[in-house]
Amino acid sequence: MLLFVRLKVYKKKMLPFGLLAFWYVSLFPGRIGYDYVKLAEMIRDGESTAWWGATYFWFYKLFTFNAQSIFLISLVGLLVLFHSLKYFIYSLPISDSKRNQILIIMTTTPLFGVFGVTVSHDIFQCAGVILLVSVRLRIYLNVDSELLMRKIILLSGIYLTTTQIGLVIYGVFLLSFILRKKLWAIFFLFITVLISAFANFGIDSNGTAKEFLPGTLRNLILIDLKCIVQHADVQLSNDEWKVLEVYAPREAWLTETTCSNPDVLAAPLKLSQVSIGSTPQLFRLFIKLAFSEPAIPLMSHIQRSRVALPPPFFQPPSNQVDLDIDVPVGKGTNTALQSGPGILHISIDDSKYDKRPKLLKPLEAIALLPAFFFNQSSWLWSWGGFWLWPLLIFFIKGCRLNTRNLILIGLPILTLHTLLFLIGPSSLGRYVMASIYMGVIAAFIQISAYFSQAKL
């Protein structure tokens, strides 16, 4: 009888690993979207870039065998994500049986499986943020040795070097330890900065951090200025127009576009062709207009970071599928019916990588069916700001955190969401997957606890 019970427990513990294998096999060799197809094309053409992070460029180059296949890089991403989610779940102050139950549920969903096998540096940022929150929670609950937690912190830092804002998130996280004169925290920050610096060696000169970051700052300023000056009520002097016309013709500045998408907003300016950097005159004009017309740039940043901002104060992100039922199904869209940003990428957008055994086609259909339904409500599942609420409630009620510990534990999340608002890259769910995962887990725990009490 005891053997039977142990076997039953063992099967439950092994089930998440079986689900992990299911997602990898059914969606073999992985999923890949437009950005990383472009990265692959650059690598195959002998070019290099730090656009997706210099560290990730070398990681991608290595684990795709010089952009020849994605079967290994998708497996690594899936395993990294699985480890971070398991570490977070097993950091929560709940029973072991409940932890395993939640892990099974999470690994069952396409939020884990489809996103996990999608080639993207966002997986590593997501895992890094989740691990940092988990470590802080374990420090508060005093459940791990300091040595083990330091290893996880260092691993998180390595993950976070793969994105442009990852080092900032990591530096802010380590700041509280540095202020307490923890020498290991300074050493860890030094290691990650060193990794990022070395990664820039071998990158094309215009793609290194030295060249990339100033260009990015200039573009952010120009994008904000474009949103302001295209407004009909904003009037500029001839001297002010001379500052802007150095970067693009006046007609380009006045061409009205949406402010919710930086790519669309910047298109008339043709920023890729601009070789002039930021000037003092540009900074002064930006500060003047931002303070004289604050509502316009503020609303622009809100629109471009809707996934990171919580209700009821802010609007949800756009849905992948047009919600207007009077529009013919699929009108003006691809066969995936995508008219807006989705949460799960279901296709392989490079024919070179699209080499799937026909035997796996039925499994692929089974795996992508739930992804289809999640994408129907992508506005909800990609809304990281919304999922902050159940996480916040759980931290306060379930973990009994005071204000100080709540800030310390949530600091990586707060830093991520703040940076997304300030930068306003675009309102895409993949940027806030860490918040989504932790919020969904927290929501399930609380809903489960409510029904358990109601049953009693």
# chains A, B, ... in the order shown; residues from 1 in each chain; ligands from 1
>>> residues_around(residues="Asp239 of chain A", least_positions_apart="4", cutoff="12 Å", atoms="only C-alpha atoms", output="list in words")
Gln235, Val243, Leu244, Glu245, Val246, Gln281, Leu282 and Leu285 of chain A
>>> write_last_selection(atoms="all heavy atoms", output="JSON list (two decimals), in the first residue's frame")
[["chain", "number", "residue", "atom", "x", "y", "z"],
["A", 235, "GLN", "N", 2.39, 74.86, -32.22],
["A", 235, "GLN", "CA", 3.03, 75.80, -33.14],
["A", 235, "GLN", "C", 4.52, 75.92, -32.82],
["A", 235, "GLN", "O", 4.90, 76.06, -31.66],
["A", 235, "GLN", "CB", 2.38, 77.19, -33.05],
["A", 235, "GLN", "CG", 0.89, 77.19, -33.37],
["A", 235, "GLN", "CD", 0.60, 76.75, -34.80],
["A", 235, "GLN", "OE1", 1.32, 77.13, -35.73],
["A", 235, "GLN", "NE2", -0.46, 75.96, -34.98],
["A", 243, "VAL", "N", 15.82, 73.03, -36.14],
["A", 243, "VAL", "CA", 16.38, 71.96, -35.30],
["A", 243, "VAL", "C", 15.85, 70.61, -35.77],
["A", 243, "VAL", "O", 16.60, 69.63, -35.90],
["A", 243, "VAL", "CB", 16.06, 72.18, -33.82],
["A", 243, "VAL", "CG1", 16.51, 70.99, -32.97],
["A", 243, "VAL", "CG2", 16.69, 73.47, -33.31],
["A", 244, "LEU", "N", 14.55, 70.54, -36.04],
["A", 244, "LEU", "CA", 13.92, 69.27, -36.43],
["A", 244, "LEU", "C", 14.24, 68.89, -37.87],
["A", 244, "LEU", "O", 14.39, 67.70, -38.19],
["A", 244, "LEU", "CB", 12.39, 69.37, -36.26],
["A", 244, "LEU", "CG", 11.89, 69.56, -34.82],
["A", 244, "LEU", "CD1", 10.37, 69.62, -34.81],
["A", 244, "LEU", "CD2", 12.37, 68.44, -33.92],
["A", 245, "GLU", "N", 14.37, 69.88, -38.74],
["A", 245, "GLU", "CA", 14.59, 69.59, -40.15],
["A", 245, "GLU", "C", 16.00, 69.07, -40.44],
["A", 245, "GLU", "O", 16.28, 68.60, -41.54],
["A", 245, "GLU", "CB", 14.30, 70.84, -40.99],
["A", 245, "GLU", "CG", 12.81, 71.14, -41.08],
["A", 245, "GLU", "CD", 12.50, 72.45, -41.77],
["A", 245, "GLU", "OE1", 13.36, 73.35, -41.78],
["A", 245, "GLU", "OE2", 11.39, 72.57, -42.32],
["A", 246, "VAL", "N", 16.85, 69.12, -39.44],
["A", 246, "VAL", "CA", 18.16, 68.48, -39.56],
["A", 246, "VAL", "C", 17.99, 66.97, -39.65],
["A", 246, "VAL", "O", 18.77, 66.28, -40.32],
["A", 246, "VAL", "CB", 19.05, 68.84, -38.34],
["A", 246, "VAL", "CG1", 20.31, 67.96, -38.29],
["A", 246, "VAL", "CG2", 19.44, 70.31, -38.39],
["A", 281, "GLN", "N", 20.64, 71.45, -28.88],
["A", 281, "GLN", "CA", 19.42, 72.14, -29.34],
["A", 281, "GLN", "C", 18.23, 71.18, -29.35],
["A", 281, "GLN", "O", 17.10, 71.58, -29.02],
["A", 281, "GLN", "CB", 19.63, 72.71, -30.76],
["A", 281, "GLN", "CG", 20.67, 73.81, -30.85],
["A", 281, "GLN", "CD", 22.09, 73.29, -30.99],
["A", 281, "GLN", "OE1", 22.32, 72.08, -30.88],
["A", 281, "GLN", "NE2", 23.03, 74.19, -31.23],
["A", 282, "LEU", "N", 18.48, 69.92, -29.74],
["A", 282, "LEU", "CA", 17.40, 68.93, -29.76],
["A", 282, "LEU", "C", 16.91, 68.66, -28.34],
["A", 282, "LEU", "O", 15.70, 68.59, -28.11],
["A", 282, "LEU", "CB", 17.89, 67.63, -30.40],
["A", 282, "LEU", "CG", 16.84, 66.52, -30.53],
["A", 282, "LEU", "CD1", 15.78, 66.91, -31.55],
["A", 282, "LEU", "CD2", 17.49, 65.20, -30.94],
["A", 285, "LEU", "N", 14.83, 71.65, -27.11],
["A", 285, "LEU", "CA", 13.51, 71.69, -27.74],
["A", 285, "LEU", "C", 12.60, 70.61, -27.17],
["A", 285, "LEU", "O", 11.41, 70.86, -26.92],
["A", 285, "LEU", "CB", 13.66, 71.51, -29.26],
["A", 285, "LEU", "CG", 12.35, 71.52, -30.07],
["A", 285, "LEU", "CD1", 11.60, 72.83, -29.86],
["A", 285, "LEU", "CD2", 12.63, 71.27, -31.55]]
>>> residues_around(residues="segment 412-417 of chain A", least_positions_apart="2", cutoff="7 Å", atoms="only C-alpha atoms", output="VMD selection string")
chain A and resid 129 132 to 133 169 173 308 410 419 to 421 435
>>> write_last_selection(atoms="N, CA, C and O atoms", output="short mmCIF file (atom, residue, chain, number, x, y, z; two decimals), in the first residue's frame")
data_model
loop_
_atom_site.label_atom_id
_atom_site.label_comp_id
_atom_site.auth_asym_id
_atom_site.auth_seq_id
_atom_site.Cartn_x
_atom_site.Cartn_y
_atom_site.Cartn_z
N VAL A 129 13.68 37.79 -14.25
CA VAL A 129 12.83 38.57 -13.34
C VAL A 129 12.13 37.64 -12.35
O VAL A 129 12.07 37.92 -11.15
N LEU A 132 14.58 36.47 -9.67
CA LEU A 132 14.93 37.52 -8.71
C LEU A 132 13.81 37.74 -7.69
O LEU A 132 14.08 37.90 -6.49
N VAL A 133 12.57 37.75 -8.16
CA VAL A 133 11.43 37.87 -7.24
C VAL A 133 11.39 36.68 -6.29
O VAL A 133 11.17 36.83 -5.08
N ILE A 169 17.45 46.31 -14.71
CA ILE A 169 16.64 45.56 -13.74
C ILE A 169 17.54 44.88 -12.72
O ILE A 169 17.30 44.92 -11.51
N PHE A 173 18.00 45.67 -8.66
CA PHE A 173 17.81 44.58 -7.70
C PHE A 173 18.99 44.47 -6.74
O PHE A 173 18.81 44.30 -5.53
N ALA A 308 1.80 47.12 -19.61
CA ALA A 308 2.49 47.24 -18.32
C ALA A 308 1.70 48.03 -17.29
O ALA A 308 2.10 48.08 -16.12
N GLY A 410 9.03 42.99 -4.91
CA GLY A 410 8.46 43.37 -6.21
C GLY A 410 9.32 44.31 -7.03
O GLY A 410 8.92 44.70 -8.13
N LEU A 419 10.34 50.92 -16.68
CA LEU A 419 11.17 51.09 -17.87
C LEU A 419 10.34 50.98 -19.15
O LEU A 419 10.56 51.73 -20.11
N LEU A 420 9.38 50.06 -19.16
CA LEU A 420 8.52 49.92 -20.35
C LEU A 420 7.70 51.18 -20.56
O LEU A 420 7.46 51.59 -21.71
N PHE A 421 7.26 51.82 -19.47
CA PHE A 421 6.52 53.08 -19.61
C PHE A 421 7.42 54.20 -20.12
O PHE A 421 7.06 54.95 -21.03
N SER A 435 5.41 39.03 -15.22
CA SER A 435 4.27 39.49 -14.42
C SER A 435 3.03 38.65 -14.71
O SER A 435 2.25 38.35 -13.80
#
>>> select_by_dssp(residues="segment 118-328 of chain A", states="helix (DSSP H, G or I)", output="PyMOL selection string")
chain A and resi 122-141+146-160+166-179+183-199+205-207+209-229+238-245+250-254+262-269+271-273+280-292+295-304+306-308
>>> closest_atom_pairs(of="segment 18-116 of chain A", to="segment 373-397 of chain A", cutoff="10 Å", atoms="only C-alpha atoms", output="tab-separated table")
residue	atom	partner	partner_atom	distance
A:Leu92	CA	A:Phe395	CA	9.5
A:Thr109	CA	A:Phe374	CA	9.3
A:Pro110	CA	A:Phe374	CA	7.9
A:Leu111	CA	A:Phe374	CA	8.1
>>> residues_around(residues="Glu47 of chain A", least_positions_apart="4", cutoff="10 Å", atoms="only C-alpha atoms", output="list of chain:residue names")
A:Leu39, A:Ala40, A:Glu41, A:Met42, A:Ile43, A:Gly202, A:Ile203, A:Asp204, A:Gly207
>>> decode(residues="segment 317-342 of chain A", atoms="N, CA, C and O atoms", output="short mmCIF file (atom, residue, chain, number, x, y, z; two decimals), in the first residue's frame")
data_model
loop_
_atom_site.label_atom_id
_atom_site.label_comp_id
_atom_site.auth_asym_id
_atom_site.auth_seq_id
_atom_site.Cartn_x
_atom_site.Cartn_y
_atom_site.Cartn_z
N PRO A 317 -4.47 46.44 -23.58
CA PRO A 317 -3.80 46.38 -24.88
C PRO A 317 -4.76 45.95 -25.98
O PRO A 317 -5.84 45.43 -25.70
N SER A 318 -4.35 46.13 -27.21
CA SER A 318 -5.17 45.72 -28.35
C SER A 318 -5.28 44.20 -28.39
O SER A 318 -4.39 43.49 -27.92
N ASN A 319 -6.37 43.72 -28.98
CA ASN A 319 -6.57 42.28 -29.11
C ASN A 319 -6.00 41.79 -30.45
O ASN A 319 -5.99 42.51 -31.44
N GLN A 320 -5.55 40.54 -30.47
CA GLN A 320 -5.02 39.98 -31.71
C GLN A 320 -6.11 39.87 -32.76
O GLN A 320 -5.89 40.17 -33.93
N VAL A 321 -7.28 39.44 -32.34
CA VAL A 321 -8.40 39.22 -33.27
C VAL A 321 -9.37 40.40 -33.17
O VAL A 321 -9.68 40.87 -32.08
N ASP A 322 -9.82 40.87 -34.31
CA ASP A 322 -10.78 41.97 -34.35
C ASP A 322 -12.05 41.54 -33.62
O ASP A 322 -12.68 40.53 -33.96
N LEU A 323 -12.46 42.33 -32.61
CA LEU A 323 -13.62 41.98 -31.80
C LEU A 323 -14.94 42.49 -32.39
O LEU A 323 -16.00 42.25 -31.83
N ASP A 324 -14.86 43.18 -33.51
CA ASP A 324 -16.07 43.67 -34.18
C ASP A 324 -16.68 42.52 -34.98
O ASP A 324 -16.15 42.11 -36.02
N ILE A 325 -17.81 42.00 -34.51
CA ILE A 325 -18.42 40.83 -35.14
C ILE A 325 -19.08 41.16 -36.48
O ILE A 325 -19.47 40.25 -37.22
N ASP A 326 -19.21 42.46 -36.80
CA ASP A 326 -19.80 42.84 -38.08
C ASP A 326 -18.78 42.83 -39.22
O ASP A 326 -19.14 42.95 -40.39
N VAL A 327 -17.50 42.70 -38.86
CA VAL A 327 -16.45 42.62 -39.87
C VAL A 327 -16.30 41.16 -40.30
O VAL A 327 -16.23 40.26 -39.44
N PRO A 328 -16.27 40.86 -41.59
CA PRO A 328 -16.11 39.47 -42.04
C PRO A 328 -14.87 38.82 -41.43
O PRO A 328 -13.81 39.46 -41.34
N VAL A 329 -15.00 37.58 -41.00
CA VAL A 329 -13.88 36.88 -40.37
C VAL A 329 -12.69 36.80 -41.31
O VAL A 329 -12.82 36.34 -42.45
N GLY A 330 -11.57 37.27 -40.85
CA GLY A 330 -10.34 37.20 -41.64
C GLY A 330 -10.13 38.32 -42.62
O GLY A 330 -9.14 38.32 -43.35
N LYS A 331 -11.03 39.31 -42.65
CA LYS A 331 -10.88 40.40 -43.60
C LYS A 331 -9.64 41.22 -43.27
O LYS A 331 -9.49 41.75 -42.17
N GLY A 332 -8.74 41.31 -44.23
CA GLY A 332 -7.52 42.11 -44.05
C GLY A 332 -6.50 41.49 -43.12
O GLY A 332 -5.58 42.18 -42.68
N THR A 333 -6.63 40.18 -42.83
CA THR A 333 -5.67 39.53 -41.93
C THR A 333 -5.09 38.29 -42.60
O THR A 333 -5.54 37.87 -43.66
N ASN A 334 -4.12 37.69 -41.92
CA ASN A 334 -3.59 36.41 -42.39
C ASN A 334 -4.52 35.28 -41.95
O ASN A 334 -5.56 35.52 -41.31
N THR A 335 -4.17 34.06 -42.23
CA THR A 335 -5.03 32.93 -41.89
C THR A 335 -5.09 32.67 -40.39
O THR A 335 -5.95 31.94 -39.92
N ALA A 336 -4.16 33.27 -39.63
CA ALA A 336 -4.22 33.18 -38.16
C ALA A 336 -5.18 34.22 -37.60
O ALA A 336 -5.35 34.31 -36.38
N LEU A 337 -5.81 35.00 -38.50
CA LEU A 337 -6.80 36.03 -38.14
C LEU A 337 -6.19 37.14 -37.29
O LEU A 337 -6.89 37.79 -36.52
N GLN A 338 -4.90 37.37 -37.42
CA GLN A 338 -4.21 38.33 -36.57
C GLN A 338 -4.29 39.73 -37.16
O GLN A 338 -3.75 40.02 -38.21
N SER A 339 -4.99 40.62 -36.43
CA SER A 339 -5.06 42.02 -36.83
C SER A 339 -4.38 42.93 -35.82
O SER A 339 -4.24 44.13 -36.04
N GLY A 340 -3.97 42.36 -34.70
CA GLY A 340 -3.28 43.11 -33.65
C GLY A 340 -2.24 42.22 -32.99
O GLY A 340 -2.07 41.06 -33.37
N PRO A 341 -1.54 42.74 -31.99
CA PRO A 341 -0.50 41.94 -31.32
C PRO A 341 -1.10 40.78 -30.54
O PRO A 341 -2.08 40.94 -29.81
N GLY A 342 -0.53 39.60 -30.70
CA GLY A 342 -1.00 38.43 -29.97
C GLY A 342 -0.16 38.17 -28.74
O GLY A 342 0.78 38.90 -28.44
#
